[in-house]
Amino acid sequence: MPRTVLAMTALVAAAVAVTAGQAPALEVLELRPNFYMIAGAGSNIAVQVGEDGVVVVDSGMQASSDAVLAAIKKISPKPIRYVIDTSADPDHVGGNERLSKAGQTLFTGRTIGLPSEFQGSAASILATENVLTRMTAARPEYPTAALPSETFFYPRKYMYLNGEGIEILHQPNAHSDGDVFVFFRRSDIVVAGDILDTNRFPVIDVARGGSIDGEIAALGRLVDLAIPSVPIVSREVGTSIIPGHGHVFDQVDAVDYRDMVTIIRDRVRDLIKAGKMLEQVKATDPARGFKGRFGAATGPWTTDQFVEAVYKSLVAPKS
């Protein structure tokens, strides 16, 4: 069994179950003394705590938001200051309104001269402009309080809270067109969102700007950000990577995942160069060798859908 799976098994054994009404039980996993992951609310949720308050990355499904908030309050009595969205997917932003309203921004409307996004008392919701665009266009509509109140369009945004630098790094056209990594530098944790899904092949949402080349570029960036447990490998330390779904990865795991996705991309690309159409590409089974670990014949994201998304993003006109 890989050592990351063993480590996660140990964490799960010590997990704190939190329930609220009909919401599923959550697992709260302590990854660092000041850093936690909440699993079971849709997407994985990261929680950093300290003297400045609480920073949350992704908010899970709306139906789980009360349970998530209860779990955060068990972790720390400090107010939530920021909710950072890694994408516009409903299982990542569904709890935005609940968590934001339960928090408190670092600034208030009483401070003269602050821009409008800092007005009010709720915690700030931070995301790329494309996430705001997607959420604004969604039907049914999201309430205004669930929408990002602070957005950016450039490659890197940063802040310094709870004694560490936090980098929000835009990864264009990967899973979608609004993805970010959130890198907590002192904790040495990267929250990867749905660019990394340790349960399945990555979801490439071509309709929302995703592409296989952008996905591989983002995975390469993730590998570069993380540091493995070398030279003393027996310590089993190094950068922890929180995926959108599934168990925590380390840098070596991320390398294997990137290489797997690259191999499949290269197989499909070579078949396209040979003149093969989509159904012919599927017939060659380009994901062979990896389906046992990441593939699915049924469910919300099948191997067939992944191969089709790879194909479509490779044949799409380049802008």
# chains A, B, ... in the order shown; residues from 1 in each chain; ligands from 1
>>> residues_around(residues="A:Gly42", least_positions_apart="3", cutoff="8 Å", atoms="only C-alpha atoms", output="PDB file with C-alpha atoms, in the first residue's frame")
ATOM      1  CA  ALA A  39     -13.881  15.420   3.768  1.00  0.00           C
ATOM      2  CA  GLY A  60     -18.553  22.051  -0.283  1.00  0.00           C
ATOM      3  CA  MET A  61     -22.162  21.386  -1.236  1.00  0.00           C
ATOM      4  CA  SER A  64     -23.603  20.147   3.856  1.00  0.00           C
ATOM      5  CA  ASP A  91     -19.686  21.041  -4.845  1.00  0.00           C
ATOM      6  CA  HIS A  92     -16.918  23.628  -4.309  1.00  0.00           C
ATOM      7  CA  HIS A 245     -11.693  14.657  -4.142  1.00  0.00           C
TER       8      HIS A 245
END
>>> select_by_dssp(residues="stretch 130-317 of chain A", states="helix (DSSP H, G or I)", output="ChimeraX atom specification")
/A:130-137,144-146,206-208,212-225,233-235,251-273,278-283,291-294,303-315
>>> select_by_dssp(residues="stretch 144-319 of chain A", states="strand (DSSP E)", output="ChimeraX atom specification")
/A:150-152,156-161,164-170,180-184,189-197,240-245
>>> residues_around(residues="stretch 239-241 of chain A", least_positions_apart="3", cutoff="7 Å", atoms="only C-alpha atoms", output="compact mmCIF listing (two decimals) with N, CA and C atoms, in the first residue's frame")
# COMPACT_ATOMS: atom_id res chain seq x y z
N ASP A 188 3.26 24.32 4.11
CA ASP A 188 3.72 23.45 3.02
C ASP A 188 2.59 22.55 2.54
N ILE A 189 1.46 23.17 2.24
CA ILE A 189 0.29 22.47 1.74
C ILE A 189 -0.22 23.20 0.50
N VAL A 190 -0.53 22.44 -0.54
CA VAL A 190 -1.15 22.98 -1.75
C VAL A 190 -2.55 22.40 -1.87
N VAL A 191 -3.55 23.27 -2.00
CA VAL A 191 -4.91 22.83 -2.27
C VAL A 191 -5.11 22.91 -3.77
N ALA A 192 -5.33 21.75 -4.40
CA ALA A 192 -5.29 21.66 -5.86
C ALA A 192 -6.65 21.74 -6.54
N ALA A 226 5.54 21.38 -5.23
CA ALA A 226 5.68 20.44 -4.12
C ALA A 226 7.12 19.95 -3.99
N ILE A 227 7.49 19.57 -2.78
CA ILE A 227 8.81 19.03 -2.49
C ILE A 227 8.65 17.65 -1.86
N PRO A 228 9.32 16.63 -2.39
CA PRO A 228 9.19 15.29 -1.81
C PRO A 228 10.04 15.12 -0.56
N VAL A 248 -5.13 12.56 0.41
CA VAL A 248 -4.02 13.50 0.25
C VAL A 248 -2.88 12.84 -0.53
N PHE A 249 -2.29 13.60 -1.44
CA PHE A 249 -1.14 13.14 -2.23
C PHE A 249 0.13 13.80 -1.71
N ASP A 250 1.28 13.20 -2.07
CA ASP A 250 2.55 13.90 -1.92
C ASP A 250 3.11 14.16 -3.32
N GLN A 251 4.31 14.70 -3.38
CA GLN A 251 4.87 15.10 -4.68
C GLN A 251 5.08 13.91 -5.61
>>> atom_distance(atom1="atom CA of A:Ala316", atom2="atom CA of A:Ile195")
20.1 Å
>>> closest_residue(among="A:Val57, A:Ala123, A:Leu29, A:Ile80", to="A:Ser43", atoms="only C-alpha atoms")
A:Val57
>>> closest_residue(among="A:Leu31, A:Val180, A:Ile242, A:Ala254", to="A:Ala88", atoms="only C-alpha atoms")
A:Val180
>>> closest_residue(among="A:Asp270, A:Tyr311, A:Gln48, A:Gly244", to="A:Glu164", atoms="only C-alpha atoms")
A:Gln48
>>> residues_around(residues="A:Asn96", least_positions_apart="3", cutoff="7 Å", atoms="only C-alpha atoms", output="tab-separated table (two decimals) with N, CA and C atoms, in the first residue's frame")
chain	number	residue	atom	x	y	z
A	59	SER	N	-16.01	25.37	-0.22
A	59	SER	CA	-17.05	25.36	0.83
A	59	SER	C	-17.97	24.16	0.75
A	93	VAL	N	-18.54	25.47	-4.32
A	93	VAL	CA	-19.02	26.80	-3.95
A	93	VAL	C	-20.39	26.78	-3.28
A	99	LEU	N	-21.06	29.98	4.87
A	99	LEU	CA	-19.79	30.20	5.55
A	99	LEU	C	-19.43	31.68	5.58
A	100	SER	N	-19.70	32.38	4.48
A	100	SER	CA	-19.38	33.80	4.44
A	100	SER	C	-20.20	34.58	5.47
A	146	ALA	N	-23.59	34.51	-2.12
A	146	ALA	CA	-22.75	33.35	-2.43
A	146	ALA	C	-21.68	33.65	-3.46
>>> atom_distance(atom1="atom CA of A:Val83", atom2="atom CA of A:Leu132")
13.5 Å
>>> closest_residue(among="A:Leu69, A:Asp253, A:Pro79, A:Gly275", to="A:Val223", atoms="only C-alpha atoms")
A:Asp253
